[in-house]
Amino acid sequence: GFTGTEEEWLASLKGEQGQQGEKGETGAKGDTGADGLTPFINANGYWQIGDTKNMIDGDTTTALRIIGFDHDYVSDVTAYGREKAGITLEMAAVTANLLSPLNQTHTTSVSWNNCNMRTTILPNYFNNTVPEALRNVIIPVGKEFVYFNNNSISSISDTLFLLSTNEIFGTYTSGYGRGGTQYAYYAAGNSKIKGGAWWTRSPYDSTYWTYMDESGGLQSHYLMKNNVYATPCFCI
């Protein structure tokens, strides 16, 4: 009989290893979009500015639209491996479960960093509605915002965020619209209509906050206006 361990016995049953075959040829590199940056995703075409991808959660389908490539600076370069996130997407249309005031009360002590929308509404949406597979690839990025009470500017790390007026229009007459640079989708003059009014993260002045109306025009109102939606953005 065989004397030794079971592992040695199993090894003794194997024949000698054959000669290794030659290394196969390197596969062809995927195509890129017209700008040389947009990644090719499948036979249906290219990911380009303005393209949409559906996010499905149960019976709800939400269209997500690409608004920029290599636009937003990541919060943790070491963890991500590069300075900027590859793709920024926005919610392309309003959805009923994100109809909410920006804050429950109107006070100038509240800005983007501590409003109810950022601290409660969007985190709940992220944790309970965004599919896990998508949550796992969303990258926190740094977003500038303006303080409501003194017009000073600061930055904060966000997973889901609302657009600033500057990111929509590129320039804005009120200093309160500062924060971020215009996304390629909006720089191209594309529609700002999303099927309902939607919030920005920018104050209008020291009294009112900005939102986009149903026709895609800029408006302002109190923080607790209750017929405006959040249409958050994120980066991957």
# chains A, B, ... in the order shown; residues from 1 in each chain; ligands from 1

$ closest_atom_pairs --of "segment 84-193 of chain A" --to "segment 227-232 of chain A" --cutoff "8 Å" --atoms "only C-alpha atoms" --output "CSV"
residue,atom,partner,partner_atom,distance
A:Glu90,CA,A:Pro232,CA,5.8
A:Met91,CA,A:Thr231,CA,5.0
A:Ala92,CA,A:Thr231,CA,7.2
A:Ala93,CA,A:Thr231,CA,7.0
A:Val94,CA,A:Thr231,CA,6.0
A:Thr95,CA,A:Tyr229,CA,7.4
A:Ala96,CA,A:Tyr229,CA,7.8
A:Leu98,CA,A:Ala230,CA,5.4
A:Leu99,CA,A:Tyr229,CA,4.2
A:Ser100,CA,A:Tyr229,CA,5.8
A:Pro101,CA,A:Val228,CA,6.7
A:Leu122,CA,A:Pro232,CA,7.8
A:Leu160,CA,A:Pro232,CA,5.9
A:Phe161,CA,A:Pro232,CA,5.3
A:Leu162,CA,A:Pro232,CA,5.0
A:Leu163,CA,A:Pro232,CA,7.6

$ select_by_dssp --residues "segment 29-145 of chain A" --states "strand (DSSP E or B)" --output "JSON, numbers by chain"
{"A": [32, 39, 40, 41, 42, 45, 46, 52, 53, 54, 55, 56, 57, 60, 61, 62, 63, 64, 65, 66, 67, 68, 69, 73, 74, 84, 87, 88, 89, 90, 91, 99, 141, 142, 143, 144, 145]}

$ residues_around --residues "Ser164 of chain A" --least-positions-apart "4" --cutoff "6 Å" --atoms "only C-alpha atoms" --output "ChimeraX atom specification"
/A:200-202

$ residues_around --residues "Ala188 of chain A" --least-positions-apart "4" --cutoff "10 Å" --atoms "only C-alpha atoms" --output "VMD selection string"
chain A and resid 49 to 50 182 to 184

$ residues_around --residues "Asn150 of chain A" --least-positions-apart "2" --cutoff "10 Å" --atoms "only C-alpha atoms" --output "PyMOL selection string"
chain A and resi 108-109+146-148+152-153+176+205-206

$ closest_residue --among "A:Ser220, A:Asn113, A:Thr159, A:Thr119" --to "Leu134 of chain A" --atoms "only C-alpha atoms"
A:Thr159
